[in-house]
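Notes follow once the structure below has been shown.
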Amino acid sequence: MDTDDTIAHSLDGREFHFDAPVEATFGIGMFVHLVESRRTRLGQIESLRMTDDGTVHGVGTVLGELTDGRLDRRRSIGFSRAIVTEADAAATAVVYDESPTSLRMGTLLGNPANEARVLSHRFNRHTFWCGQSGSGKTYALGVLLEQLLVHTALPMVIFDPNADFVRLREHRVTPSSAAAADVAALGARDIRVLGPSADADDIHVRFRSLSLRSQAAVLRMDPLADRAEYNELVNLKVTDVSRASGTVVERLRERGTPPALTLADRIENLRLEDWRIWAFDDAAVTDIIDERPDATVLDLGGFSYPEESLVVALSVLDDLWEKRESRRPILIVIDEAHNLCSPDTDSPLHVAVRERIIQIAAEGRKFGLWLLLSTQRPSKIHPNILSQCDNLALMRMSSPLDLAELADVFGFAPPAMVMQSPRFQQGEALFAGGFVAAPTLLKVGDRLTVEGGVDVPVPQR
């Protein structure tokens with residue numbers, strides 16, 4: 001053992017400490033060998049700090065013992081002197097190649113020879129995906145959704161407010177044979193795109209299929225404050241309403257009672273009959289999702305009335321919850337999740353949507369209702385939703401308050417790695433939690449499909 005070697009010690013075989021000279025090339029997130037005379041362990045550096053005597057003190061986690069090219073995670077034996085060296089590519093690959101269900105997401109930061117992978121079978125937990133504007137958050141999410149479509153049979157419904165995923169059926173031209181195989185697999189997937197645009201199938205909601213509570217939210221009605229109108233709604237029969245049979249307002253006015261006339265005024269004032277989303281005799285969005293396509297993209301932008309997108313979300317979430325006992329797994333992807341999960345919105349529709357998401361976050365996992373929430377601002381997500389997420393994908397974020405909250409809520413993410421976020425380049429990320437074999441700093445790979453909501457360039461002369 002050379003006197004210049006960097007030496008680590010561990011009291012419990014789980015956490016190790018070492019001191020190294022400043023010129024050493026160790027970095028946060030790096031995988032290292034911990035070499036003794038009879039065994040070699042694999043560790044990961046989680047934090048580094050300068051000491052008063054000018055050296056660097058590092059702390060990391062012992063991932064397991066390397067034996068015959070495999071990683072044995074079961075043994076936890078302390079040690080007093082182990083030489084610390086950077087792990088080679090083969091040893092690092094062992095961390096991510098243990099599971100046959102891993103998905104390629106890109107390459108490790110600082111070690112592009114190694115692929116960064118996530119574990120597809122751990123998306124049976126809720127996932128939080130965040131990064132500020134320009135971080136590559138939505139592009140990276142597209143990479144993940146493509147991998148899930150290629151390598152799993154997990155159906156997904158994607159709430160897409162900015163039309164970022166409406167081109168998920170359009171494939172890029174790629175020369176890579178591995179990517180070509182993935183593109184071929186994507187071509188066989190059943191991907192539906194619904195929305196108000198000309199490039200999508202119409203998205204419809206059947207009002208009579210909404211719960212009474214949700215109908216009241218659409219009408220901005222309280223069962224006690226508006227008890228006469230609410231009672232009229234309770235007794236209103238709309239099961240046979242079609243485009244050819246007259247409107248609900250006409251029927252209410254024919255009844256002529258004061259509550260019926262007041263409810264008719266409310267519907268007209270809210271312009272509900274002008275909304276494009278009502279199904280009448282057409283298939284509703286819930287009927288389509290019930291068929292379980294591989295992916296159903298709901299383009300929620302472009303409606304004439306902002307409340308229409310909330311009604312679509314409420315209809316889908318209510319229906320999935322109502323049928324939860326069937327235990328049919330589905331991944332519920334909510335992009336720009338602060339639009340639906342904010343603790344600050346107080347309209348009846350916002351409240352109804354948020355409360356349903358809180359319920360799914362708290363109880364949906366055991367029924368196969370799994371959330372993936374993507375946003376620029378963690379502080380804009382209701383804490384009862386955020387606290388239920390077991391997977392974290394963090395891209396560049398500069399807000400100290402947001403980073404402090406993430407480090408507090410996601411205790412499984414090493415704080416020093418979280419604090420690397422402001423220095424991330426576009427496309428770089430920290431993944432932590434159950435869906436990775438170890439906290440991972442990575443560079444996201446290329447997408448196979450076309451990104452929908454790309455930035456508008458500045459005109460040049």
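Simple scheme: letters A, B, ... for chains in structure tokens order, numbers from 1 for residues in each chain, numbers from 1 for ligands in the order shown.
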- Task: Using DSSP on the backbone coordinates, identify all residues within segment 251-449 of chain A classified as alpha helix (DSSP H); present the result as a PyMOL selection string.
- Result: chain A and resi 251-255+258-269+285-290+307-322+338-341+348-363+383-386+400-409+415-418
- Message: From the options A:Cys341, A:Ala188, A:Ala93, A:Leu141, which residue's atoms come nearest to His382 of chain A, counting only C-alpha atoms?
- Response: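 Result for the nearest residue to His382 of chain A: A:Cys341.
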- Selection near Ile288 of chain A, 10 Å with only C-alpha atoms, sequence-local residues under 4 positions removed, as a list in words: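 What passes the distance filter is Arg192, Leu194, Ile203, His204, Ala283, Ala284, Arg292, Pro293 and Thr296 of chain A.
Note that DSSP on the backbone gives strand (DSSP E) to these residues of segment 180-304 of chain A: Ile191, Arg192, Val193, Leu194, Ala295, Thr296, Val297, Leu298 and Asp299 of chain A.
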- Message: Taking 6 positions as the minimum chain separation for residues in the same chain, which residues sit within 10 Å of Asn111 of chain A when counting only C-alpha atoms? Answer as a VMD selection string.
- Response: chain A and resid 30 to 31 88 to 89 92 441 to 443
- Item | segment 397-405 of chain A surroundings by only C-alpha atoms, 7 Å radius, close-in-sequence under 5 positions cut, as a list in words | Gly131, Gln132, Pro378, Ser379, Val418, Met419, Ser421 and Pro422 of chain A
Written file, previous selection with N, CA and C atoms, as a PDB file, in the first residue's frame:
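Wrote selection01.pdb, looks like this:
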ATOM      1  N   GLY A 131     -37.457  20.681 -13.573  1.00  0.00           N
ATOM      2  CA  GLY A 131     -36.345  21.441 -14.114  1.00  0.00           C
ATOM      3  C   GLY A 131     -36.879  22.758 -14.650  1.00  0.00           C
ATOM      4  N   GLN A 132     -36.073  23.799 -14.567  1.00  0.00           N
ATOM      5  CA  GLN A 132     -36.540  25.115 -14.998  1.00  0.00           C
ATOM      6  C   GLN A 132     -36.588  25.185 -16.516  1.00  0.00           C
ATOM      7  N   PRO A 378     -41.310  23.075  -8.187  1.00  0.00           N
ATOM      8  CA  PRO A 378     -41.765  22.167  -7.131  1.00  0.00           C
ATOM      9  C   PRO A 378     -42.638  22.858  -6.097  1.00  0.00           C
ATOM     10  N   SER A 379     -42.368  24.132  -5.816  1.00  0.00           N
ATOM     11  CA  SER A 379     -43.138  24.837  -4.793  1.00  0.00           C
ATOM     12  C   SER A 379     -44.585  25.062  -5.216  1.00  0.00           C
ATOM     13  N   VAL A 418     -28.069  17.101  -5.182  1.00  0.00           N
ATOM     14  CA  VAL A 418     -29.163  18.023  -5.473  1.00  0.00           C
ATOM     15  C   VAL A 418     -28.609  19.421  -5.733  1.00  0.00           C
ATOM     16  N   MET A 419     -27.637  19.830  -4.931  1.00  0.00           N
ATOM     17  CA  MET A 419     -27.091  21.180  -5.053  1.00  0.00           C
ATOM     18  C   MET A 419     -26.188  21.351  -6.276  1.00  0.00           C
ATOM     19  N   SER A 421     -27.464  20.931  -9.146  1.00  0.00           N
ATOM     20  CA  SER A 421     -28.442  21.264 -10.178  1.00  0.00           C
ATOM     21  C   SER A 421     -28.209  22.613 -10.865  1.00  0.00           C
ATOM     22  N   PRO A 422     -27.911  23.706 -10.143  1.00  0.00           N
ATOM     23  CA  PRO A 422     -27.740  24.988 -10.851  1.00  0.00           C
ATOM     24  C   PRO A 422     -26.612  24.978 -11.871  1.00  0.00           C
TER      25      PRO A 422
END
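By chain and then residue number, the residues within 9 Å of Leu210 of chain A are A:Val205, A:Arg206, A:Ser214, A:Gln215, A:Leu314, A:Ser315, A:Asp318, A:Asp319, counting only C-alpha atoms and disregarding those fewer than 4 positions away in sequence.
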- Query: Restricting the calculation to only C-alpha atoms, which member of A:Ser10, A:Asp160, A:Arg220, A:Ala198 is positioned closest to Val351 of chain A?
  - Reply: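 Under the stated criterion, the closest residue is A:Arg220.
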- Contacts of Glu115 of chain A at 12 Å (only C-alpha atoms; same-chain gap of 3+ positions) as a count of residues only: 26
- Note on the structure: Expressed in Å, the length from atom CA of Leu373 of chain A to atom CA of Arg327 of chain A is 20.8 Å
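If you look at atom CA of Val32 of chain A and atom CA of Gln44 of chain A, they are 6.0 Å away from each other.
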